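Peer 1: Sharing start-v7.cif (mmCIF, C-alpha atoms) below.
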data_input
#
loop_
_atom_site.label_atom_id
_atom_site.label_comp_id
_atom_site.auth_asym_id
_atom_site.auth_seq_id
_atom_site.Cartn_x
_atom_site.Cartn_y
_atom_site.Cartn_z
CA MET A 27 20.95 -20.32 25.08
CA ARG A 28 23.30 -17.34 25.00
CA SER A 29 21.82 -16.10 21.72
CA GLY A 30 18.38 -16.24 23.34
CA HIS A 31 19.60 -14.01 26.16
CA ARG A 32 21.04 -11.57 23.64
CA LEU A 33 17.76 -11.46 21.72
CA GLY A 34 15.91 -10.90 24.97
CA ASP A 35 18.18 -8.00 25.85
CA LEU A 36 17.69 -6.52 22.39
CA LEU A 37 13.90 -6.65 22.64
CA GLY A 38 13.82 -5.29 26.14
CA HIS A 39 12.73 -8.58 27.77
CA ARG A 40 15.35 -8.18 30.46
CA LEU A 41 13.23 -5.31 31.79
CA GLY A 42 10.07 -7.33 31.43
CA ARG A 43 7.43 -8.00 28.80
CA GLN A 44 5.51 -4.83 29.65
CA PHE A 45 8.54 -2.63 29.02
CA GLY A 46 9.24 -4.50 25.79
CA TRP A 47 5.78 -3.57 24.45
CA LEU A 48 6.15 0.03 25.66
CA TRP A 49 9.55 0.33 24.01
CA GLY A 50 8.21 -1.12 20.76
CA ALA A 51 5.29 1.31 20.81
CA TYR A 52 7.68 4.23 21.33
CA ALA A 53 9.92 3.08 18.46
CA THR A 54 6.95 2.78 16.11
CA SER A 55 5.55 6.24 16.80
CA ALA A 56 9.03 7.83 16.74
CA LEU A 57 9.71 6.33 13.32
CA GLY A 58 6.37 7.60 12.05
CA THR A 59 7.15 11.09 13.33
CA TRP A 60 10.48 11.21 11.52
CA LEU A 61 9.01 9.74 8.33
CA ALA A 62 6.65 12.74 8.28
CA PHE A 63 9.37 15.23 9.28
CA GLY A 64 8.76 18.47 7.36
CA ALA A 65 5.50 17.21 5.85
CA PHE A 66 3.32 20.02 7.24
CA PRO A 67 5.51 22.86 5.86
CA LEU A 68 5.72 21.07 2.51
CA ILE A 69 1.93 20.69 2.37
CA ALA A 70 1.54 24.35 3.30
CA VAL A 71 3.93 25.45 0.54
CA ARG A 72 3.18 23.00 -2.27
CA VAL A 73 -0.54 22.36 -1.77
CA LEU A 74 -1.80 25.54 -0.08
CA HIS A 75 0.82 27.92 -1.55
CA ALA A 76 1.51 29.49 1.85
CA GLY A 77 4.19 32.17 2.23
CA PRO A 78 7.11 32.29 4.70
CA ALA A 79 5.07 34.01 7.43
CA ARG A 80 2.41 31.30 7.43
CA VAL A 81 4.99 28.50 7.36
CA ALA A 82 6.78 30.06 10.34
CA ALA A 83 3.47 30.43 12.17
CA LEU A 84 2.70 26.77 11.54
CA ALA A 85 5.83 25.78 13.47
CA SER A 86 5.91 28.35 16.26
CA VAL A 87 2.23 29.15 16.90
CA GLY A 88 1.19 25.49 16.74
CA ALA A 89 3.79 24.50 19.35
CA ALA A 90 3.10 27.48 21.61
CA VAL A 91 -0.70 27.13 21.59
CA GLY A 92 -0.38 23.36 21.99
CA ALA A 93 1.77 23.92 25.08
CA ALA A 94 -0.82 26.31 26.51
CA VAL A 95 -3.62 23.81 25.87
CA ALA A 96 -1.59 21.10 27.66
CA VAL A 97 -1.20 23.12 30.90
CA PRO A 98 -4.42 21.89 32.60
CA LEU A 99 -3.83 18.33 31.37
CA GLY A 100 -0.91 17.70 33.75
CA PRO A 101 -3.02 17.76 36.93
CA TRP A 102 -5.75 15.87 35.09
CA VAL A 103 -3.33 13.06 34.14
CA GLU A 104 -1.90 12.87 37.67
CA PHE A 105 -4.98 11.26 39.20
CA ARG A 106 -5.81 8.85 36.38
CA ARG A 107 -4.40 5.55 35.30
CA LYS A 108 -1.60 6.32 32.87
CA ARG A 109 -1.98 3.48 30.37
CA PRO A 110 -5.48 4.53 29.23
CA VAL A 111 -4.22 8.11 28.91
CA LEU A 112 -1.33 6.95 26.71
CA ILE A 113 -3.69 5.00 24.48
CA ALA A 114 -6.12 7.93 24.29
CA MET A 115 -3.38 10.40 23.29
CA ASP A 116 -2.18 8.05 20.55
CA LEU A 117 -5.72 7.72 19.22
CA VAL A 118 -6.22 11.51 19.36
CA ARG A 119 -3.09 12.02 17.26
CA PHE A 120 -4.14 9.24 14.89
CA ALA A 121 -7.57 10.79 14.33
CA ALA A 122 -6.29 14.37 14.06
CA LEU A 123 -3.62 13.50 11.49
CA LEU A 124 -6.04 11.44 9.38
CA THR A 125 -8.17 14.54 8.82
CA ILE A 126 -5.34 15.94 6.65
CA PRO A 127 -5.36 13.27 3.90
CA ALA A 128 -9.17 13.06 4.14
CA ALA A 129 -9.55 16.80 3.54
CA PHE A 130 -6.89 16.69 0.81
CA ALA A 131 -8.72 13.89 -1.00
CA LEU A 132 -11.97 15.87 -0.84
CA GLY A 133 -10.27 19.07 -1.99
CA VAL A 134 -11.21 21.04 1.14
CA LEU A 135 -7.85 21.21 2.94
CA THR A 136 -7.10 24.67 4.40
CA PHE A 137 -4.20 26.30 6.24
CA LEU A 138 -6.43 26.76 9.30
CA GLN A 139 -6.95 23.00 9.46
CA LEU A 140 -3.18 22.42 9.31
CA LEU A 141 -2.72 24.88 12.16
CA LEU A 142 -5.47 23.32 14.31
CA VAL A 143 -4.09 19.82 13.76
CA SER A 144 -0.60 20.99 14.73
CA VAL A 145 -2.04 22.44 17.97
CA VAL A 146 -3.91 19.20 18.80
CA VAL A 147 -0.85 17.06 18.06
CA ALA A 148 1.44 19.31 20.12
CA ALA A 149 -0.91 19.19 23.14
CA ALA A 150 -1.30 15.41 22.80
CA ASP A 151 2.49 15.01 22.53
CA ILE A 152 3.05 16.83 25.82
CA THR A 153 0.29 14.89 27.55
CA PHE A 154 1.67 11.60 26.23
CA ARG A 155 5.18 12.40 27.50
CA THR A 156 3.73 13.37 30.85
CA ALA A 157 1.83 10.10 31.22
CA SER A 158 4.63 7.92 29.81
CA GLY A 159 7.18 9.17 32.34
CA ALA A 160 4.77 8.54 35.20
CA TYR A 161 3.87 5.12 33.79
CA LEU A 162 7.52 4.14 33.41
CA LYS A 163 8.21 4.95 37.04
CA THR A 164 5.44 2.60 38.17
CA LEU A 165 6.50 -0.06 35.68
CA LEU A 166 10.18 -0.43 36.63
CA PRO A 167 12.24 -0.35 39.82
CA ALA A 168 14.45 2.71 40.32
CA GLN A 169 17.66 0.87 39.41
CA ASP A 170 16.33 0.10 35.90
CA LEU A 171 15.19 3.61 35.00
CA LEU A 172 18.53 4.67 33.49
CA VAL A 173 18.68 1.54 31.32
CA ALA A 174 15.16 2.19 30.07
CA ASN A 175 15.75 5.88 29.37
CA ALA A 176 19.01 5.09 27.57
CA ARG A 177 17.11 2.68 25.33
CA PHE A 178 14.50 5.29 24.55
CA GLU A 179 17.28 7.78 23.75
CA SER A 180 19.12 5.37 21.44
CA THR A 181 15.83 4.56 19.71
CA ALA A 182 15.15 8.26 19.19
CA TRP A 183 18.51 8.76 17.48
CA THR A 184 18.10 5.60 15.40
CA THR A 185 14.78 6.80 14.02
CA THR A 186 16.37 10.22 13.41
CA ILE A 187 18.95 8.54 11.18
CA ILE A 188 16.62 6.34 9.12
CA GLY A 189 13.32 8.25 9.22
CA PRO A 190 14.01 11.45 7.23
CA PRO A 191 15.72 9.70 4.27
CA LEU A 192 12.86 7.20 3.99
CA GLY A 193 10.33 9.99 4.44
CA GLY A 194 12.08 12.08 1.80
CA ALA A 195 11.93 9.20 -0.66
CA ALA A 196 8.24 8.66 0.13
CA ILE A 197 7.51 12.36 -0.35
CA GLY A 198 9.31 12.29 -3.69
CA LEU A 199 7.31 9.29 -4.89
CA LEU A 200 3.91 9.79 -3.26
CA GLY A 201 3.83 13.38 -1.95
CA PRO A 202 3.90 14.76 1.61
CA VAL A 203 0.33 13.70 2.42
CA ALA A 204 1.40 10.04 2.21
CA THR A 205 3.91 10.49 5.05
CA VAL A 206 1.18 12.06 7.20
CA VAL A 207 -0.83 8.86 6.70
CA ALA A 208 2.22 6.83 7.76
CA ASP A 209 2.62 9.00 10.85
CA ALA A 210 -1.06 8.57 11.75
CA VAL A 211 -0.85 4.78 11.37
CA SER A 212 2.24 4.72 13.60
CA TYR A 213 0.19 6.22 16.44
CA LEU A 214 -2.51 3.58 15.95
CA LEU A 215 0.14 0.84 16.14
CA SER A 216 1.61 2.52 19.21
CA ALA A 217 -1.80 2.49 20.91
CA LEU A 218 -2.15 -1.22 20.17
CA GLY A 219 1.34 -1.87 21.56
CA ILE A 220 0.61 0.01 24.78
CA ARG A 221 -2.67 -1.86 25.13
CA ALA A 222 -0.72 -5.11 24.81
CA THR A 223 1.44 -4.24 27.84
CA GLY A 224 -1.39 -5.54 30.02
CA GLY A 225 -0.98 -5.84 33.76
CA HIS A 226 -2.93 -4.15 36.52
CA GLU A 227 -2.36 -0.46 37.11
CA PRO A 228 -3.80 0.77 40.42
CA ARG A 229 -5.87 3.92 40.33
CA PRO A 230 -3.89 6.83 41.82
CA GLY A 231 -5.20 8.33 45.03
CA ARG A 232 -6.95 11.66 44.65
CA PRO A 233 -6.90 14.54 47.12
CA GLU A 234 -10.02 15.13 49.13
CA ALA A 235 -10.78 18.25 47.13
CA ALA A 236 -12.17 16.62 44.01
CA ARG A 237 -12.42 19.82 42.03
CA MET A 238 -9.31 21.19 40.42
CA ARG A 239 -8.63 24.81 41.32
CA ALA A 240 -6.79 27.37 39.19
CA GLY A 241 -3.83 27.26 41.57
CA ASP A 242 -3.46 23.51 40.97
CA LEU A 243 -2.28 24.26 37.44
CA LEU A 244 0.96 25.63 38.89
CA ASP A 245 1.71 22.62 41.10
CA GLY A 246 4.26 21.18 38.67
CA TRP A 247 6.28 24.38 38.63
CA ARG A 248 6.09 24.63 42.43
CA PHE A 249 7.52 21.13 42.82
CA ILE A 250 10.36 21.85 40.40
CA LEU A 251 11.34 25.22 41.87
CA ALA A 252 11.28 23.84 45.42
CA ASP A 253 13.84 21.13 44.61
CA ALA A 254 17.50 22.20 44.75
CA THR A 255 18.49 19.73 42.02
CA LEU A 256 15.54 20.00 39.65
CA ARG A 257 15.45 23.80 39.72
CA PRO A 258 18.82 24.41 38.00
CA LEU A 259 18.28 21.47 35.63
CA PHE A 260 14.92 22.94 34.66
CA PHE A 261 16.34 26.34 33.72
CA ASN A 262 19.38 24.77 32.06
CA THR A 263 17.26 22.48 29.89
CA ALA A 264 14.77 25.18 28.86
CA LEU A 265 17.50 27.65 27.90
CA PHE A 266 19.79 25.13 26.22
CA ASN A 267 17.08 23.48 24.12
CA GLY A 268 15.57 26.82 23.19
CA LEU A 269 18.86 28.35 22.00
CA VAL A 270 19.91 25.25 20.06
CA MET A 271 16.57 25.02 18.28
CA ALA A 272 16.41 28.78 17.69
CA ALA A 273 19.63 28.65 15.67
CA GLN A 274 18.51 25.77 13.42
CA PRO A 275 16.31 27.76 10.99
CA LEU A 276 19.07 30.35 10.61
CA LEU A 277 21.61 27.63 9.89
CA THR A 278 19.23 26.24 7.26
CA VAL A 279 19.01 29.66 5.59
CA LEU A 280 22.80 30.07 5.75
CA MET A 281 23.65 26.64 4.35
CA LEU A 282 20.98 26.37 1.65
CA GLY A 283 21.06 30.06 0.75
CA ARG A 284 24.33 31.96 0.97
CA LEU A 285 26.62 28.94 1.11
CA ALA A 286 24.71 27.09 -1.64
CA PHE A 287 24.87 23.60 -0.13
CA ALA A 288 22.88 20.99 -2.03
CA PRO A 289 19.83 19.57 -0.22
CA TRP A 290 21.51 16.14 0.06
CA GLN A 291 24.53 17.77 1.73
CA TYR A 292 22.26 19.57 4.17
CA GLY A 293 20.48 16.31 5.01
CA LEU A 294 23.79 14.48 5.44
CA ALA A 295 25.10 17.19 7.77
CA PHE A 296 22.33 16.47 10.28
CA ALA A 297 21.61 12.76 9.71
CA ALA A 298 25.16 11.36 9.94
CA PRO A 299 26.01 12.96 13.34
CA SER A 300 23.00 11.21 14.91
CA ILE A 301 25.29 8.20 15.24
CA GLY A 302 26.86 10.14 18.12
CA GLY A 303 23.53 10.01 19.93
CA LEU A 304 23.50 6.22 19.65
CA LEU A 305 27.01 5.97 21.06
CA GLY A 306 26.36 8.48 23.84
CA SER A 307 23.16 6.79 25.00
CA ARG A 308 24.93 3.41 25.11
CA LEU A 309 27.68 4.89 27.28
CA ALA A 310 25.35 6.69 29.71
CA ARG A 311 24.88 3.79 32.11
CA PRO A 312 28.55 2.62 32.21
CA LEU A 313 29.67 6.22 32.82
CA VAL A 314 27.19 6.69 35.68
CA THR A 315 28.24 3.37 37.19
CA ARG A 316 31.89 4.41 37.15
CA PHE A 317 31.76 8.15 37.89
CA GLY A 318 28.37 8.73 39.52
CA GLN A 319 25.23 10.43 38.28
CA HIS A 320 26.10 13.98 39.35
CA ARG A 321 29.53 14.04 37.74
CA VAL A 322 28.27 12.63 34.44
CA LEU A 323 25.34 15.05 34.44
CA VAL A 324 27.54 18.11 35.01
CA VAL A 325 30.39 17.13 32.68
CA SER A 326 28.20 16.05 29.76
CA GLY A 327 25.92 19.06 30.32
CA ALA A 328 28.91 21.41 30.21
CA LEU A 329 30.56 19.75 27.20
CA ARG A 330 27.41 19.89 25.08
CA ALA A 331 27.39 23.69 25.45
CA LEU A 332 30.86 24.07 23.87
CA TRP A 333 29.98 22.90 20.37
CA PRO A 334 27.22 25.12 18.85
CA VAL A 335 29.33 28.30 18.67
CA GLY A 336 31.41 26.56 16.00
CA LEU A 337 28.46 26.70 13.59
CA ALA A 338 29.00 30.46 13.22
CA PHE A 339 32.22 29.71 11.32
CA VAL A 340 30.79 27.34 8.71
CA GLY A 341 31.99 28.09 5.18
CA PRO A 342 31.23 26.76 1.69
CA GLY A 343 32.40 23.51 0.19
CA THR A 344 33.62 20.28 1.71
CA GLU A 345 35.40 22.00 4.60
CA GLY A 346 32.21 23.73 5.67
CA LEU A 347 30.22 20.50 5.43
CA LEU A 348 32.79 18.62 7.54
CA LEU A 349 32.73 21.43 10.11
CA VAL A 350 28.96 21.15 10.51
CA ILE A 351 29.14 17.35 10.75
CA GLY A 352 31.92 17.55 13.35
CA VAL A 353 30.14 20.14 15.48
CA GLU A 354 26.82 18.30 15.33
CA LEU A 355 28.53 14.98 16.09
CA GLY A 356 30.13 16.37 19.25
CA LEU A 357 26.92 18.10 20.31
CA ILE A 358 24.71 15.07 19.73
CA PHE A 359 27.15 12.69 21.44
CA CYS A 360 27.12 14.84 24.60
CA CYS A 361 23.33 15.13 24.43
CA GLY A 362 23.10 11.36 24.02
CA VAL A 363 24.90 10.96 27.35
CA PHE A 364 23.18 13.85 29.13
CA ASN A 365 19.55 13.27 28.16
CA PRO A 366 18.89 9.81 29.68
CA VAL A 367 20.86 10.72 32.82
CA CYS A 368 18.86 13.95 33.21
CA THR A 369 15.55 12.16 32.56
CA THR A 370 16.41 9.49 35.13
CA CYS A 371 17.47 12.10 37.70
CA ARG A 372 14.19 13.94 37.17
CA LEU A 373 12.14 10.78 37.75
CA GLU A 374 14.18 9.85 40.82
CA ARG A 375 13.80 13.32 42.30
CA THR A 376 10.02 13.37 41.82
CA SER A 377 7.74 11.43 44.13
CA THR A 378 5.26 9.12 42.41
CA ASP A 379 2.23 11.24 43.28
CA ARG A 380 3.76 14.30 41.55
CA VAL A 381 5.37 12.86 38.42
CA ALA A 382 2.67 13.80 35.90
CA ARG A 383 2.39 17.41 37.05
CA THR A 384 6.17 17.83 37.15
CA LEU A 385 6.75 16.35 33.69
CA SER A 386 3.89 18.38 32.26
CA ALA A 387 5.32 21.65 33.62
CA TRP A 388 8.74 20.70 32.29
CA ALA A 389 7.48 19.87 28.80
CA VAL A 390 5.23 22.93 28.57
CA THR A 391 8.07 25.25 29.57
CA THR A 392 10.51 23.67 27.14
CA LYS A 393 8.04 23.91 24.25
CA ALA A 394 7.11 27.50 25.07
CA SER A 395 10.70 28.69 25.55
CA THR A 396 11.73 27.05 22.28
CA ALA A 397 8.90 28.76 20.40
CA LEU A 398 9.70 32.13 21.97
CA LEU A 399 13.44 31.96 21.34
CA THR A 400 12.93 30.71 17.79
CA ALA A 401 10.72 33.72 17.03
CA LEU A 402 13.21 36.08 18.70
CA TRP A 403 16.18 34.66 16.82
CA GLY A 404 14.26 34.96 13.57
CA VAL A 405 14.08 38.71 14.20
CA LEU A 406 17.76 38.84 15.20
CA GLY A 407 18.69 36.91 12.06
CA ALA A 408 16.86 39.46 9.93
CA LEU A 409 18.55 42.39 11.73
CA LEU A 410 22.08 41.06 12.24
CA GLY A 411 22.35 38.35 9.63
CA PRO A 412 22.10 34.58 10.20
CA ARG A 413 25.79 34.01 10.92
CA THR A 414 25.94 36.68 13.64
CA ALA A 415 22.69 35.45 15.23
CA ILE A 416 24.00 31.85 15.23
CA GLY A 417 27.21 33.04 16.90
CA LEU A 418 25.22 34.97 19.52
CA ALA A 419 23.20 31.84 20.38
CA GLY A 420 26.44 29.88 20.65
CA MET A 421 28.00 32.45 23.00
CA LEU A 422 24.94 32.41 25.26
CA LEU A 423 25.02 28.61 25.32
CA LEU A 424 28.53 28.78 26.79
CA ALA A 425 26.96 30.23 29.94
CA THR A 426 24.34 27.48 30.39
CA PRO A 427 26.66 25.16 32.43
CA LEU A 428 26.39 27.74 35.22
CA LEU A 429 22.79 26.57 35.65
CA LEU A 430 23.72 22.93 36.24
CA PRO A 431 23.41 21.51 39.81
CA ARG A 432 26.57 22.17 41.80
CA ARG A 433 26.09 19.44 44.40
CA PRO A 434 25.00 15.82 44.20
CA ALA A 435 21.30 15.35 44.89
CA ALA A 436 20.26 14.11 48.30
CA GLN A 437 18.27 10.88 48.20
CA LEU A 438 14.54 11.49 47.90
CA ARG A 439 12.27 9.75 50.34
CA GLU A 440 9.02 8.69 48.73
CA PRO A 441 5.90 9.68 50.67
CA GLU A 442 3.48 7.01 51.75
CA PRO A 443 1.16 6.22 48.84
CA ALA A 444 -2.33 7.59 49.17
CA PRO A 445 -5.12 5.03 49.39
CA SER A 446 -6.59 4.33 46.00
CA ARG A 447 -10.27 4.93 45.36
CA PRO A 448 -12.54 1.93 45.08
#
Please go through the file and, once you have read it, give me the structure as structure tokens.
Peer 2:
Amino acid sequence: MRSGHRLGDLLGHRLGRQFGWLWGAYATSALGTWLAFGAFPLIAVRVLHAGPARVAALASVGAAVGAAVAVPLGPWVEFRRKRPVLIAMDLVRFAALLTIPAAFALGVLTFLQLLLVSVVVAAADITFRTASGAYLKTLLPAQDLLVANARFESTAWTTTIIGPPLGGAAIGLLGPVATVVADAVSYLLSALGIRATGGHEPRPGRPEAARMRAGDLLDGWRFILADATLRPLFFNTALFNGLVMAAQPLLTVLMLGRLAFAPWQYGLAFAAPSIGGLLGSRLARPLVTRFGQHRVLVVSGALRALWPVGLAFVGPGTEGLLLVIGVELGLIFCCGVFNPVCTTCRLERTSTDRVARTLSAWAVTTKASTALLTALWGVLGALLGPRTAIGLAGMLLLATPLLLPRRPAAQLREPEPAPSRP
């Protein structure tokens, strides 16, 4: 009997059958994403013979334009049932990604197609995250949100550990197009899993003004900036994520170029520390239970900012490799604690009738700021050198704890739900 309870906890049954299917769908699509990690740049270089400028554009322009395309989708998602939206976004990504191997097989694959698919996938990713957060809040009671988000976080780090090595092996044996097929199939399986969640989802109430106005596109940002807790978290998250991601390409150039690390050493330096994310996400709930949400949020948010500056001092050889692993381990552990607590706080602070617009604004801003800072740090790396630019990003990250909430959040009172349409 006890082993049955343990198996139920492992599969998510303690949070209900619907969450178990949702969790399984998330794990499947996350694994597919990491299996195909780096596939688009490899296809651009090896198949289309694209240069550095085009490869950089594939990453930054695709994400930025995808974020812009997703802006009007937040208000659109708000007043629709979330489960059909989740299924639709999975199917959109499935269909878009399948055009790559189809075009490759026919010999008509172009760089423009790669760019367009990256835009569609980026916009669908943001829309999916928007709908999934809103759906999760309707699926579970407030006291279970942290448990659910911690499980999503631990799953994300698990797939980060196992996905790239398996994807790398698949690319070596079958080529990068094969991993794109695997990624596409993972979205189809995710759609089937979400469909299997079943249950009745009431149609959200819609304002009397049926037509969406231009000003409605900014509703998500208005809600965030009006909340004393979400506002600092919003700026902290956008700046922190953007600076961390902006330094990654420069670190790649430094390690694989000047410091002459082997590719397997580079992969190990970023795969092994993901274990810290597993440990951090498992500790998130016990820490909040003991110390409170606000204290854990502030302490973990401050500690994660201390690590990246150490990457500016990486040297060659085993010592340099161990330094990168140690820094990334500390950073990822703190992020593993911070991320589910921050996600839960964001859901708790947002009333049910505003979740989709708020999450959409948050995701769009994070994507856009990351793209902008990555482009800016690419220029700084060319002017100052990669090591100096990495150090500058690390120094700026030391100031990000100043943007964390200084006081515990007051309890949010949910408004009365609007009557649903017949």
Peer 1: Record the distance separating atom CA of Val91 of chain A and atom CA of Ala272 of chain A, expressed in Å with one decimal.
Peer 2: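 A separation of 17.6 Å between them.
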Peer 1: Would you list the residues near (3.8, 10.0, 3.7) (no more than 12 Å away, in the coordinates of the file, using all atoms listed in the file) as a VMD selection string?
Peer 2: chain A and resid 57 to 66 68 to 69 123 to 124 126 to 127 189 to 212
Peer 1: Grab the residues selected above and save them as a PDB file, in the coordinates of the input with C-alpha atoms.
Peer 2:
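Generated output (part.pdb):
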ATOM      1  CA  LEU A  57       9.710   6.330  13.320  1.00  0.00           C
ATOM      2  CA  GLY A  58       6.370   7.600  12.050  1.00  0.00           C
ATOM      3  CA  THR A  59       7.150  11.090  13.330  1.00  0.00           C
ATOM      4  CA  TRP A  60      10.480  11.210  11.520  1.00  0.00           C
ATOM      5  CA  LEU A  61       9.010   9.740   8.330  1.00  0.00           C
ATOM      6  CA  ALA A  62       6.650  12.740   8.280  1.00  0.00           C
ATOM      7  CA  PHE A  63       9.370  15.230   9.280  1.00  0.00           C
ATOM      8  CA  GLY A  64       8.760  18.470   7.360  1.00  0.00           C
ATOM      9  CA  ALA A  65       5.500  17.210   5.850  1.00  0.00           C
ATOM     10  CA  PHE A  66       3.320  20.020   7.240  1.00  0.00           C
ATOM     11  CA  LEU A  68       5.720  21.070   2.510  1.00  0.00           C
ATOM     12  CA  ILE A  69       1.930  20.690   2.370  1.00  0.00           C
ATOM     13  CA  LEU A 123      -3.620  13.500  11.490  1.00  0.00           C
ATOM     14  CA  LEU A 124      -6.040  11.440   9.380  1.00  0.00           C
ATOM     15  CA  ILE A 126      -5.340  15.940   6.650  1.00  0.00           C
ATOM     16  CA  PRO A 127      -5.360  13.270   3.900  1.00  0.00           C
ATOM     17  CA  GLY A 189      13.320   8.250   9.220  1.00  0.00           C
ATOM     18  CA  PRO A 190      14.010  11.450   7.230  1.00  0.00           C
ATOM     19  CA  PRO A 191      15.720   9.700   4.270  1.00  0.00           C
ATOM     20  CA  LEU A 192      12.860   7.200   3.990  1.00  0.00           C
ATOM     21  CA  GLY A 193      10.330   9.990   4.440  1.00  0.00           C
ATOM     22  CA  GLY A 194      12.080  12.080   1.800  1.00  0.00           C
ATOM     23  CA  ALA A 195      11.930   9.200  -0.660  1.00  0.00           C
ATOM     24  CA  ALA A 196       8.240   8.660   0.130  1.00  0.00           C
ATOM     25  CA  ILE A 197       7.510  12.360  -0.350  1.00  0.00           C
ATOM     26  CA  GLY A 198       9.310  12.290  -3.690  1.00  0.00           C
ATOM     27  CA  LEU A 199       7.310   9.290  -4.890  1.00  0.00           C
ATOM     28  CA  LEU A 200       3.910   9.790  -3.260  1.00  0.00           C
ATOM     29  CA  GLY A 201       3.830  13.380  -1.950  1.00  0.00           C
ATOM     30  CA  PRO A 202       3.900  14.760   1.610  1.00  0.00           C
ATOM     31  CA  VAL A 203       0.330  13.700   2.420  1.00  0.00           C
ATOM     32  CA  ALA A 204       1.400  10.040   2.210  1.00  0.00           C
ATOM     33  CA  THR A 205       3.910  10.490   5.050  1.00  0.00           C
ATOM     34  CA  VAL A 206       1.180  12.060   7.200  1.00  0.00           C
ATOM     35  CA  VAL A 207      -0.830   8.860   6.700  1.00  0.00           C
ATOM     36  CA  ALA A 208       2.220   6.830   7.760  1.00  0.00           C
ATOM     37  CA  ASP A 209       2.620   9.000  10.850  1.00  0.00           C
ATOM     38  CA  ALA A 210      -1.060   8.570  11.750  1.00  0.00           C
ATOM     39  CA  VAL A 211      -0.850   4.780  11.370  1.00  0.00           C
ATOM     40  CA  SER A 212       2.240   4.720  13.600  1.00  0.00           C
TER      41      SER A 212
END
Peer 1: Find the residue from A:Ser55, A:Thr125, A:Thr255, A:Ser386 that sits nearest to Val103 of chain A; use only C-alpha atoms when measuring.
Peer 2: A:Ser386
Peer 1: Please write as a list in words the full residue list that the PyMOL selection byres ((chain A and resi 185) around 8) yields on this file.
Peer 2: Ala53, Ala56, Leu57, Trp60, Thr181, Ala182, Trp183, Thr184, Thr186, Ile187, Ile188 and Gly189 of chain A
Peer 1: What is the atom CA of Arg372 of chain A-atom CA of Leu256 of chain A distance in Å, reported with one decimal?
Peer 2: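 According to the coordinates, atom CA of Arg372 of chain A and atom CA of Leu256 of chain A are separated by 6.7 Å.
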